[in-house]
file my_file-v7.txt (compact mmCIF, C-alpha atoms)
# COMPACT_ATOMS: atom_id res chain seq x y z
CA MET T 1 -21.08 -7.51 -109.28
CA PRO T 2 -22.16 -9.46 -106.19
CA ALA T 3 -24.89 -7.93 -104.03
CA ARG T 4 -22.55 -7.78 -101.05
CA ALA T 5 -18.79 -7.28 -100.95
CA ARG T 6 -17.28 -10.73 -100.82
CA PRO T 7 -14.50 -11.52 -98.35
CA THR T 8 -11.08 -10.96 -99.86
CA SER T 9 -7.81 -12.51 -98.88
CA PRO T 10 -5.71 -10.66 -96.29
CA HIS T 11 -4.11 -7.58 -97.73
CA VAL T 12 -2.05 -4.76 -96.26
CA ARG T 13 -4.95 -2.36 -95.66
CA ILE T 14 -7.35 -4.84 -94.06
CA TYR T 15 -4.82 -7.09 -92.38
CA ARG T 16 -5.06 -7.11 -88.58
CA TRP T 17 -1.64 -5.92 -87.44
CA GLN T 18 0.09 -8.03 -84.86
CA ILE T 19 3.59 -8.60 -83.59
CA GLY T 20 4.32 -11.43 -86.07
CA ASN T 21 3.80 -9.53 -89.32
CA SER T 22 5.16 -6.26 -87.86
CA LEU T 23 8.48 -7.84 -86.91
CA SER T 24 8.65 -9.66 -90.25
CA ILE T 25 8.27 -6.35 -92.11
CA LEU T 26 10.79 -4.69 -89.77
CA HIS T 27 13.27 -7.48 -90.55
CA ARG T 28 13.09 -6.63 -94.24
CA VAL T 29 13.22 -2.87 -93.61
CA THR T 30 16.29 -3.19 -91.37
CA GLY T 31 17.87 -5.44 -94.01
CA VAL T 32 17.51 -2.72 -96.65
CA VAL T 33 18.78 -0.11 -94.16
CA LEU T 34 21.81 -2.32 -93.50
CA ALA T 35 22.47 -2.59 -97.24
CA LEU T 36 22.97 1.19 -97.14
CA GLY T 37 25.13 0.61 -94.07
CA LEU T 38 27.38 -1.66 -96.13
CA LEU T 39 27.79 1.23 -98.55
CA ALA T 40 28.81 3.48 -95.64
CA LEU T 41 31.18 0.83 -94.28
CA CYS T 42 32.95 0.50 -97.63
CA TYR T 43 33.13 4.30 -97.96
CA TRP T 44 34.79 4.43 -94.52
CA LEU T 45 37.27 1.65 -95.43
CA THR T 46 38.09 3.29 -98.76
CA SER T 47 38.72 6.63 -97.07
CA LEU T 48 41.08 4.87 -94.64
CA ALA T 49 43.05 3.40 -97.54
CA ALA T 50 43.12 6.71 -99.44
CA GLY T 51 45.01 8.56 -96.71
CA GLU T 52 44.76 10.81 -93.70
CA ARG T 53 42.89 13.69 -95.35
CA SER T 54 40.14 11.56 -96.90
CA TYR T 55 39.77 9.70 -93.58
CA ALA T 56 39.34 13.03 -91.79
CA ALA T 57 36.65 13.99 -94.33
CA ALA T 58 34.81 10.69 -93.76
CA ALA T 59 35.14 11.07 -89.98
CA ALA T 60 33.60 14.55 -90.27
CA VAL T 61 30.66 13.10 -92.21
CA PHE T 62 30.07 10.35 -89.63
CA SER T 63 30.42 12.66 -86.61
CA SER T 64 28.04 15.28 -88.03
CA PRO T 65 24.47 15.29 -86.60
CA VAL T 66 23.13 13.47 -89.69
CA GLY T 67 26.03 11.01 -89.53
CA LEU T 68 25.43 10.25 -85.86
CA VAL T 69 21.71 9.67 -86.46
CA GLY T 70 22.70 7.32 -89.29
CA LEU T 71 25.18 5.43 -87.12
CA ALA T 72 22.62 5.10 -84.30
CA GLY T 73 20.03 3.88 -86.82
CA TRP T 74 22.47 1.36 -88.29
CA THR T 75 23.33 0.14 -84.78
CA PHE T 76 19.68 -0.55 -84.03
CA ALA T 77 19.04 -2.02 -87.50
CA PHE T 78 22.03 -4.33 -87.10
CA LEU T 79 21.16 -5.51 -83.58
CA TYR T 80 17.49 -6.03 -84.49
CA HIS T 81 18.36 -7.89 -87.71
CA LEU T 82 20.88 -10.01 -85.78
CA LEU T 83 18.51 -10.99 -82.96
CA ASN T 84 15.50 -11.51 -85.22
CA GLY T 85 17.73 -13.42 -87.64
CA VAL T 86 18.68 -15.81 -84.83
CA ARG T 87 14.94 -16.11 -84.09
CA HIS T 88 14.41 -17.12 -87.72
CA LEU T 89 17.26 -19.64 -87.53
CA PHE T 90 15.56 -21.27 -84.51
CA TRP T 91 12.38 -21.59 -86.60
CA ASP T 92 14.40 -23.04 -89.47
CA VAL T 93 15.55 -25.92 -87.26
CA GLY T 94 12.03 -26.40 -85.93
CA TYR T 95 11.88 -24.64 -82.54
CA GLY T 96 9.64 -21.92 -81.11
CA PHE T 97 6.52 -22.22 -83.28
CA GLU T 98 3.98 -22.15 -80.43
CA ARG T 99 1.92 -18.97 -80.16
CA THR T 100 3.31 -18.04 -76.73
CA GLN T 101 6.87 -18.80 -77.82
CA ARG T 102 6.49 -16.70 -80.99
CA HIS T 103 5.20 -13.73 -79.02
CA ALA T 104 7.77 -14.08 -76.25
CA SER T 105 10.72 -14.36 -78.66
CA GLY T 106 9.33 -11.41 -80.65
CA TRP T 107 9.20 -9.14 -77.61
CA LEU T 108 12.59 -10.41 -76.48
CA VAL T 109 14.03 -9.36 -79.86
CA VAL T 110 12.42 -5.89 -79.71
CA LEU T 111 13.43 -5.14 -76.12
CA GLY T 112 16.83 -6.79 -76.55
CA SER T 113 17.74 -4.76 -79.64
CA ILE T 114 16.62 -1.50 -78.00
CA ALA T 115 18.58 -2.29 -74.82
CA LEU T 116 21.72 -3.34 -76.72
CA THR T 117 21.57 -0.23 -78.93
CA ALA T 118 21.39 1.92 -75.80
CA GLY T 119 24.25 -0.08 -74.28
CA VAL T 120 26.50 0.39 -77.32
CA TRP T 121 25.88 4.14 -77.44
CA ILE T 122 26.36 4.61 -73.68
CA LEU T 123 29.73 2.87 -74.19
CA VAL T 124 30.56 5.12 -77.16
CA TRP T 125 29.55 8.21 -75.20
CA SER T 126 31.63 7.27 -72.15
CA HIS T 127 34.59 6.62 -74.51
CA ARG T 128 34.47 10.20 -75.81
CA THR T 129 34.85 11.94 -72.47
CA MET Y 1 1.79 -41.68 -114.86
CA SER Y 2 4.03 -38.66 -114.48
CA LEU Y 3 4.49 -36.34 -117.42
CA ARG Y 4 7.84 -35.14 -116.11
CA SER Y 5 10.89 -36.13 -118.07
CA PRO Y 6 13.53 -38.31 -116.39
CA VAL Y 7 15.99 -35.39 -116.56
CA GLY Y 8 13.45 -33.09 -114.91
CA ARG Y 9 12.92 -35.58 -112.10
CA VAL Y 10 16.64 -35.95 -111.48
CA LEU Y 11 17.24 -32.18 -111.42
CA GLY Y 12 14.11 -31.70 -109.30
CA LEU Y 13 13.98 -27.94 -109.76
CA GLY Y 14 10.51 -27.42 -111.25
CA SER Y 15 9.33 -24.39 -113.18
CA ALA Y 16 11.11 -21.91 -110.89
CA LYS Y 17 14.45 -23.22 -112.29
CA ASP Y 18 15.86 -22.90 -108.82
CA GLY Y 19 15.83 -25.16 -105.81
CA THR Y 20 16.55 -24.24 -102.21
CA GLY Y 21 19.97 -22.86 -103.17
CA HIS Y 22 19.14 -19.20 -102.58
CA TRP Y 23 17.41 -19.88 -99.27
CA TRP Y 24 20.23 -22.08 -98.03
CA ALA Y 25 22.97 -19.62 -99.07
CA GLN Y 26 21.14 -16.91 -97.11
CA ARG Y 27 21.11 -19.08 -93.96
CA VAL Y 28 24.75 -20.15 -94.27
CA SER Y 29 25.95 -16.55 -94.76
CA ALA Y 30 23.68 -15.44 -91.88
CA VAL Y 31 25.31 -17.95 -89.51
CA ALA Y 32 28.80 -16.85 -90.65
CA LEU Y 33 27.88 -13.21 -90.06
CA ILE Y 34 26.98 -13.72 -86.39
CA PRO Y 35 30.62 -14.05 -85.21
CA LEU Y 36 32.03 -11.76 -87.93
CA THR Y 37 29.76 -8.79 -87.25
CA LEU Y 38 30.05 -9.16 -83.46
CA TRP Y 39 33.86 -9.27 -83.79
CA PHE Y 40 33.76 -6.06 -85.85
CA LEU Y 41 31.45 -4.19 -83.46
CA LEU Y 42 33.33 -5.26 -80.32
CA SER Y 43 36.73 -4.51 -81.92
CA LEU Y 44 35.67 -0.97 -82.78
CA LEU Y 45 34.28 -0.47 -79.27
CA ALA Y 46 37.51 -1.81 -77.76
CA LEU Y 47 39.77 0.56 -79.72
CA PRO Y 48 41.00 3.48 -77.57
CA ALA Y 49 40.07 5.93 -80.35
CA LEU Y 50 38.90 5.84 -83.96
CA ASP Y 51 41.52 8.20 -85.37
CA TYR Y 52 43.45 7.48 -88.57
CA ALA Y 53 46.61 6.01 -86.98
CA THR Y 54 44.77 3.78 -84.50
CA VAL Y 55 42.37 2.30 -87.06
CA ARG Y 56 45.18 1.70 -89.58
CA ALA Y 57 47.33 0.02 -86.94
CA TRP Y 58 44.40 -2.19 -85.96
CA LEU Y 59 43.62 -3.23 -89.57
CA SER Y 60 47.32 -3.91 -90.24
CA VAL Y 61 47.32 -6.77 -87.74
CA PRO Y 62 47.00 -9.86 -89.99
CA LEU Y 63 44.10 -11.41 -88.04
CA SER Y 64 42.10 -8.16 -88.12
CA GLY Y 65 42.74 -7.77 -91.84
CA LEU Y 66 41.67 -11.33 -92.57
CA LEU Y 67 38.49 -11.10 -90.51
CA ALA Y 68 37.66 -7.70 -92.02
CA VAL Y 69 38.02 -9.10 -95.56
CA LEU Y 70 35.81 -12.07 -94.65
CA LEU Y 71 33.28 -9.71 -93.04
CA VAL Y 72 32.98 -7.48 -96.12
CA ALA Y 73 32.84 -10.50 -98.46
CA VAL Y 74 30.13 -12.38 -96.56
CA LEU Y 75 28.22 -9.17 -95.74
CA THR Y 76 28.19 -8.21 -99.43
CA TYR Y 77 26.99 -11.68 -100.42
CA HIS Y 78 24.26 -11.85 -97.74
CA SER Y 79 23.08 -8.31 -98.48
CA TYR Y 80 23.02 -9.08 -102.22
CA LEU Y 81 20.88 -12.18 -101.63
CA GLY Y 82 18.45 -10.18 -99.48
CA THR Y 83 18.01 -7.12 -101.67
CA THR Y 84 17.62 -9.37 -104.72
CA VAL Y 85 14.51 -10.89 -103.11
CA VAL Y 86 13.18 -7.41 -102.30
CA ILE Y 87 13.48 -6.38 -105.96
CA GLU Y 88 12.00 -9.68 -107.16
CA ASP Y 89 9.03 -9.11 -104.82
CA TYR Y 90 8.21 -5.50 -105.70
CA VAL Y 91 9.42 -4.90 -109.27
CA HIS Y 92 7.06 -6.69 -111.63
CA ALA Y 93 7.70 -5.34 -115.13
CA ALA Y 94 10.06 -7.85 -116.74
CA GLY Y 95 12.42 -5.33 -118.34
CA THR Y 96 12.77 -3.09 -115.28
CA LYS Y 97 13.19 -6.16 -113.10
CA ILE Y 98 16.04 -7.66 -115.11
CA LEU Y 99 17.73 -4.27 -115.45
CA SER Y 100 17.50 -3.47 -111.73
CA LEU Y 101 18.73 -6.96 -110.76
CA LEU Y 102 21.67 -6.54 -113.14
CA LEU Y 103 22.51 -3.08 -111.78
CA LEU Y 104 22.20 -4.38 -108.22
CA ARG Y 105 24.62 -7.21 -108.93
CA PHE Y 106 27.20 -4.89 -110.53
CA LEU Y 107 26.82 -2.42 -107.65
CA TYR Y 108 27.44 -5.13 -105.04
CA VAL Y 109 30.54 -6.42 -106.83
CA LEU Y 110 31.82 -2.83 -107.04
CA VAL Y 111 31.10 -1.94 -103.40
CA GLY Y 112 32.34 -5.26 -101.99
CA GLY Y 113 35.38 -5.19 -104.23
CA ALA Y 114 36.22 -1.63 -103.18
CA GLY Y 115 35.84 -2.51 -99.50
CA ILE Y 116 38.08 -5.59 -99.74
CA PHE Y 117 40.66 -3.75 -101.85
CA ALA Y 118 40.76 -0.95 -99.26
CA ILE Y 119 41.41 -3.41 -96.43
CA LEU Y 120 44.19 -5.15 -98.39
CA HIS Y 121 45.69 -1.76 -99.27
CA VAL Y 122 45.88 -0.89 -95.56
CA ALA Y 123 46.96 -4.38 -94.48
CA PHE Y 124 49.85 -4.63 -96.94
CA GLY Y 125 50.83 -1.06 -96.20
CA SER Y 126 52.04 1.76 -98.38
call {"tool": "encode", "arguments": {"input": "my_file-v7.txt", "output": "C-alpha cells"}}
result
Amino acid sequence: MPARARPTSPHVRIYRWQIGNSLSILHRVTGVVLALGLLALCYWLTSLAAGERSYAAAAAVFSSPVGLVGLAGWTFAFLYHLLNGVRHLFWDVGYGFERTQRHASGWLVVLGSIALTAGVWILVWSHRT
Amino acid sequence: MSLRSPVGRVLGLGSAKDGTGHWWAQRVSAVALIPLTLWFLLSLLALPALDYATVRAWLSVPLSGLLAVLLVAVLTYHSYLGTTVVIEDYVHAAGTKILSLLLLRFLYVLVGGAGIFAILHVAFGS
C-alpha cells in the first residue's frame, strides 16, 4: 500500500459533474426510455389493427394518469434525443468543438427540448377543449 | 516489419472483428429518423382527433402507411443498435451478455415485426 492515496482516473463518484458528461448520460437514458416508447408505439398500432374494442382499451391506458405521464416523458425524451442527436451529428462532421460552442449548444438543447415539450402539450391540451 | 497477415491488412478490422459499421449504421438511421419522427409527431398533432375511425382513415392513406412502416422499421433498427451498446457496456459476464444480446435481438424483431404487420393490416383493410 502506498503511504498516500494515489490519484485515480476519473470515475463516477469523483468525477466533477459538468454539462458535457451530464448531457451525454441523459442522451443514453432518453435513448433507453425511447426504446420503451417503441414498445408502446407498437402496442398502440397493434391495438388499432385488432379492432375498435382493443383500441379503446389502449386509449384508456394512454389517457390514464400514468399513461399521460408516460406520454409526456416520451415527448421530452424524444425531443431531447432528437436535438442532442443533431448536436452529435454536427460534431461528427467536425463542427462545434470549442468550449463555448459545446456549452452553448448544450444549453440550447436543454432549453429547446423543454420549450418544445411544453409547446407540444399546450397544443394537445388546446385540441381537447 | 508488420506481423499482420495480408488478409488481416486487407480486411482492416483488428481484434474487435468489427470496423466502423455499427457506428455508421447508427448515424445513417439517425439522419433518416429526423424527418420520419417529425412527420409522425406533426401528423398526430394535425389530426382532428385520435379516435379509432380517424386514426384508421389516416393510416389507410398510402403515403401515411408507407411512412409509418419506414418509421417503425428504422426506429426498431436504430433502437436495437443503441440498446445493444448499452448491454455491451454494462453486462460483463460472457454468458449473460450473449444471452441478453440474443434476447434483445429476438425482442426487437418481434416488436418491429408486430408494428409493421399492424400498419399493413390497417392499410390493406379488413
call {"tool": "interface_residues", "arguments": {"input": "my_file-v7.txt", "of": "chain Y", "to": "chain T", "cutoff": "7 Å", "atoms": "only C-alpha atoms", "output": "PyMOL selection string"}}
result
chain Y and resi 52+79+83+111+114-115+118-119+121-122
call {"tool": "residues_around", "arguments": {"input": "my_file-v7.txt", "residues": "Ser43 in chain Y", "least_positions_apart": "3", "cutoff": "12 Å", "atoms": "all atoms listed in the file", "output": "NGL selection string"}}
result
:Y and (35-40 or 46-50 or 54-55 or 58-59 or 63-64 or 67-68)
call {"tool": "closest_residue", "arguments": {"input": "my_file-v7.txt", "among": "Y:Thr84, Y:Ser60, Y:Thr76, Y:Gln26", "to": "Leu120 in chain Y", "atoms": "all atoms listed in the file"}}
result
Y:Ser60
call {"tool": "residues_around", "arguments": {"input": "my_file-v7.txt", "residues": "Val110 in chain T", "least_positions_apart": "3", "cutoff": "12 Å", "atoms": "all atoms listed in the file", "output": "list in words"}}
result
Ile19, Gly20, Ser22, Leu23, Ser24, Leu26, His27, Phe76, Ala77, Leu79, Tyr80, His81, Leu82, Leu83, Asn84, Arg87, His103, Ala104, Ser105, Gly106, Trp107, Ser113, Ile114, Ala115, Leu116 and Thr117 of chain T
call {"tool": "write_last_selection", "arguments": {"input": "my_file-v7.txt", "atoms": "C-alpha atoms", "output": "PDB file, in the coordinates of the input"}}
result
ATOM      1  CA  ILE T  19       3.590  -8.600 -83.590  1.00  0.00           C
ATOM      2  CA  GLY T  20       4.320 -11.430 -86.070  1.00  0.00           C
ATOM      3  CA  SER T  22       5.160  -6.260 -87.860  1.00  0.00           C
ATOM      4  CA  LEU T  23       8.480  -7.840 -86.910  1.00  0.00           C
ATOM      5  CA  SER T  24       8.650  -9.660 -90.250  1.00  0.00           C
ATOM      6  CA  LEU T  26      10.790  -4.690 -89.770  1.00  0.00           C
ATOM      7  CA  HIS T  27      13.270  -7.480 -90.550  1.00  0.00           C
ATOM      8  CA  PHE T  76      19.680  -0.550 -84.030  1.00  0.00           C
ATOM      9  CA  ALA T  77      19.040  -2.020 -87.500  1.00  0.00           C
ATOM     10  CA  LEU T  79      21.160  -5.510 -83.580  1.00  0.00           C
ATOM     11  CA  TYR T  80      17.490  -6.030 -84.490  1.00  0.00           C
ATOM     12  CA  HIS T  81      18.360  -7.890 -87.710  1.00  0.00           C
ATOM     13  CA  LEU T  82      20.880 -10.010 -85.780  1.00  0.00           C
ATOM     14  CA  LEU T  83      18.510 -10.990 -82.960  1.00  0.00           C
ATOM     15  CA  ASN T  84      15.500 -11.510 -85.220  1.00  0.00           C
ATOM     16  CA  ARG T  87      14.940 -16.110 -84.090  1.00  0.00           C
ATOM     17  CA  HIS T 103       5.200 -13.730 -79.020  1.00  0.00           C
ATOM     18  CA  ALA T 104       7.770 -14.080 -76.250  1.00  0.00           C
ATOM     19  CA  SER T 105      10.720 -14.360 -78.660  1.00  0.00           C
ATOM     20  CA  GLY T 106       9.330 -11.410 -80.650  1.00  0.00           C
ATOM     21  CA  TRP T 107       9.200  -9.140 -77.610  1.00  0.00           C
ATOM     22  CA  SER T 113      17.740  -4.760 -79.640  1.00  0.00           C
ATOM     23  CA  ILE T 114      16.620  -1.500 -78.000  1.00  0.00           C
ATOM     24  CA  ALA T 115      18.580  -2.290 -74.820  1.00  0.00           C
ATOM     25  CA  LEU T 116      21.720  -3.340 -76.720  1.00  0.00           C
ATOM     26  CA  THR T 117      21.570  -0.230 -78.930  1.00  0.00           C
TER      27      THR T 117
END
call {"tool": "atom_distance", "arguments": {"input": "my_file-v7.txt", "atom1": "CA of Leu71 in chain T", "atom2": "CA of Trp125 in chain T"}}
result
13.0 Å
call {"tool": "closest_residue", "arguments": {"input": "my_file-v7.txt", "among": "T:Arg4, T:His11, T:Val109, T:Gly37", "to": "Val72 in chain Y", "atoms": "only C-alpha atoms"}}
result
T:Gly37
call {"tool": "residues_around", "arguments": {"input": "my_file-v7.txt", "residues": "Ala73 in chain Y", "least_positions_apart": "3", "cutoff": "9 Å", "atoms": "all atoms listed in the file", "output": "PDB file with C-alpha atoms, keeping the file's coordinate frame"}}
result
ATOM      1  CA  ALA Y  68      37.660  -7.700 -92.020  1.00  0.00           C
ATOM      2  CA  VAL Y  69      38.020  -9.100 -95.560  1.00  0.00           C
ATOM      3  CA  LEU Y  70      35.810 -12.070 -94.650  1.00  0.00           C
ATOM      4  CA  THR Y  76      28.190  -8.210 -99.430  1.00  0.00           C
ATOM      5  CA  TYR Y  77      26.990 -11.680-100.420  1.00  0.00           C
ATOM      6  CA  HIS Y  78      24.260 -11.850 -97.740  1.00  0.00           C
ATOM      7  CA  GLY Y 112      32.340  -5.260-101.990  1.00  0.00           C
ATOM      8  CA  GLY Y 113      35.380  -5.190-104.230  1.00  0.00           C
ATOM      9  CA  GLY Y 115      35.840  -2.510 -99.500  1.00  0.00           C
ATOM     10  CA  ILE Y 116      38.080  -5.590 -99.740  1.00  0.00           C
TER      11      ILE Y 116
END
call {"tool": "atom_distance", "arguments": {"input": "my_file-v7.txt", "atom1": "CA of Asn21 in chain T", "atom2": "CA of Glu98 in chain T"}}
result
15.4 Å
call {"tool": "atom_distance", "arguments": {"input": "my_file-v7.txt", "atom1": "CA of Gly21 in chain Y", "atom2": "CA of Leu66 in chain Y"}}
result
26.8 Å
call {"tool": "build_atoms", "arguments": {"input": "my_file-v7.txt", "residues": "range 2-24 of chain Y", "atoms": "N, CA and C atoms", "output": "PDB file, in the frame of the given file"}}
result
ATOM      1  N   SER Y   2       3.498 -40.015-114.537  1.00  0.00           N
ATOM      2  CA  SER Y   2       4.030 -38.660-114.480  1.00  0.00           C
ATOM      3  C   SER Y   2       4.408 -38.164-115.861  1.00  0.00           C
ATOM      4  N   LEU Y   3       4.122 -36.928-116.127  1.00  0.00           N
ATOM      5  CA  LEU Y   3       4.490 -36.340-117.420  1.00  0.00           C
ATOM      6  C   LEU Y   3       5.885 -35.714-117.376  1.00  0.00           C
ATOM      7  N   ARG Y   4       6.506 -35.758-116.214  1.00  0.00           N
ATOM      8  CA  ARG Y   4       7.840 -35.140-116.110  1.00  0.00           C
ATOM      9  C   ARG Y   4       8.879 -36.023-116.771  1.00  0.00           C
ATOM     10  N   SER Y   5       9.840 -35.380-117.408  1.00  0.00           N
ATOM     11  CA  SER Y   5      10.890 -36.130-118.070  1.00  0.00           C
ATOM     12  C   SER Y   5      11.859 -36.679-117.018  1.00  0.00           C
ATOM     13  N   PRO Y   6      12.554 -37.766-117.337  1.00  0.00           N
ATOM     14  CA  PRO Y   6      13.530 -38.310-116.390  1.00  0.00           C
ATOM     15  C   PRO Y   6      14.557 -37.270-115.960  1.00  0.00           C
ATOM     16  N   VAL Y   7      15.000 -36.424-116.905  1.00  0.00           N
ATOM     17  CA  VAL Y   7      15.990 -35.390-116.560  1.00  0.00           C
ATOM     18  C   VAL Y   7      15.382 -34.410-115.549  1.00  0.00           C
ATOM     19  N   GLY Y   8      14.124 -34.019-115.806  1.00  0.00           N
ATOM     20  CA  GLY Y   8      13.450 -33.090-114.910  1.00  0.00           C
ATOM     21  C   GLY Y   8      13.331 -33.656-113.516  1.00  0.00           C
ATOM     22  N   ARG Y   9      13.067 -34.971-113.423  1.00  0.00           N
ATOM     23  CA  ARG Y   9      12.920 -35.580-112.100  1.00  0.00           C
ATOM     24  C   ARG Y   9      14.248 -35.624-111.360  1.00  0.00           C
ATOM     25  N   VAL Y  10      15.329 -35.886-112.108  1.00  0.00           N
ATOM     26  CA  VAL Y  10      16.640 -35.950-111.480  1.00  0.00           C
ATOM     27  C   VAL Y  10      17.055 -34.560-110.981  1.00  0.00           C
ATOM     28  N   LEU Y  11      16.848 -33.532-111.823  1.00  0.00           N
ATOM     29  CA  LEU Y  11      17.240 -32.180-111.420  1.00  0.00           C
ATOM     30  C   LEU Y  11      16.337 -31.652-110.302  1.00  0.00           C
ATOM     31  N   GLY Y  12      15.039 -32.023-110.380  1.00  0.00           N
ATOM     32  CA  GLY Y  12      14.110 -31.700-109.300  1.00  0.00           C
ATOM     33  C   GLY Y  12      13.918 -30.233-109.014  1.00  0.00           C
ATOM     34  N   LEU Y  13      14.050 -29.379-110.025  1.00  0.00           N
ATOM     35  CA  LEU Y  13      13.980 -27.940-109.760  1.00  0.00           C
ATOM     36  C   LEU Y  13      12.635 -27.316-110.099  1.00  0.00           C
ATOM     37  N   GLY Y  14      11.813 -27.981-110.919  1.00  0.00           N
ATOM     38  CA  GLY Y  14      10.510 -27.420-111.250  1.00  0.00           C
ATOM     39  C   GLY Y  14      10.576 -26.191-112.115  1.00  0.00           C
ATOM     40  N   SER Y  15       9.412 -25.502-112.236  1.00  0.00           N
ATOM     41  CA  SER Y  15       9.330 -24.390-113.180  1.00  0.00           C
ATOM     42  C   SER Y  15      10.080 -23.150-112.694  1.00  0.00           C
ATOM     43  N   ALA Y  16      10.402 -23.089-111.394  1.00  0.00           N
ATOM     44  CA  ALA Y  16      11.110 -21.910-110.890  1.00  0.00           C
ATOM     45  C   ALA Y  16      12.578 -21.934-111.298  1.00  0.00           C
ATOM     46  N   LYS Y  17      13.067 -23.049-111.835  1.00  0.00           N
ATOM     47  CA  LYS Y  17      14.450 -23.220-112.290  1.00  0.00           C
ATOM     48  C   LYS Y  17      15.465 -23.040-111.164  1.00  0.00           C
ATOM     49  N   ASP Y  18      14.986 -23.158-109.947  1.00  0.00           N
ATOM     50  CA  ASP Y  18      15.860 -22.900-108.820  1.00  0.00           C
ATOM     51  C   ASP Y  18      15.359 -23.722-107.636  1.00  0.00           C
ATOM     52  N   GLY Y  19      16.244 -24.366-106.952  1.00  0.00           N
ATOM     53  CA  GLY Y  19      15.830 -25.160-105.810  1.00  0.00           C
ATOM     54  C   GLY Y  19      15.895 -24.355-104.529  1.00  0.00           C
ATOM     55  N   THR Y  20      16.452 -24.951-103.479  1.00  0.00           N
ATOM     56  CA  THR Y  20      16.550 -24.240-102.210  1.00  0.00           C
ATOM     57  C   THR Y  20      17.888 -23.523-102.092  1.00  0.00           C
ATOM     58  N   GLY Y  21      18.626 -23.428-103.210  1.00  0.00           N
ATOM     59  CA  GLY Y  21      19.970 -22.860-103.170  1.00  0.00           C
ATOM     60  C   GLY Y  21      20.040 -21.464-102.582  1.00  0.00           C
ATOM     61  N   HIS Y  22      19.136 -20.589-103.056  1.00  0.00           N
ATOM     62  CA  HIS Y  22      19.140 -19.200-102.580  1.00  0.00           C
ATOM     63  C   HIS Y  22      18.847 -19.143-101.088  1.00  0.00           C
ATOM     64  N   TRP Y  23      17.822 -19.845-100.677  1.00  0.00           N
ATOM     65  CA  TRP Y  23      17.410 -19.880 -99.270  1.00  0.00           C
ATOM     66  C   TRP Y  23      18.552 -20.385 -98.388  1.00  0.00           C
ATOM     67  N   TRP Y  24      19.161 -21.471 -98.819  1.00  0.00           N
ATOM     68  CA  TRP Y  24      20.230 -22.080 -98.030  1.00  0.00           C
ATOM     69  C   TRP Y  24      21.448 -21.156 -97.941  1.00  0.00           C
TER      70      TRP Y  24
END
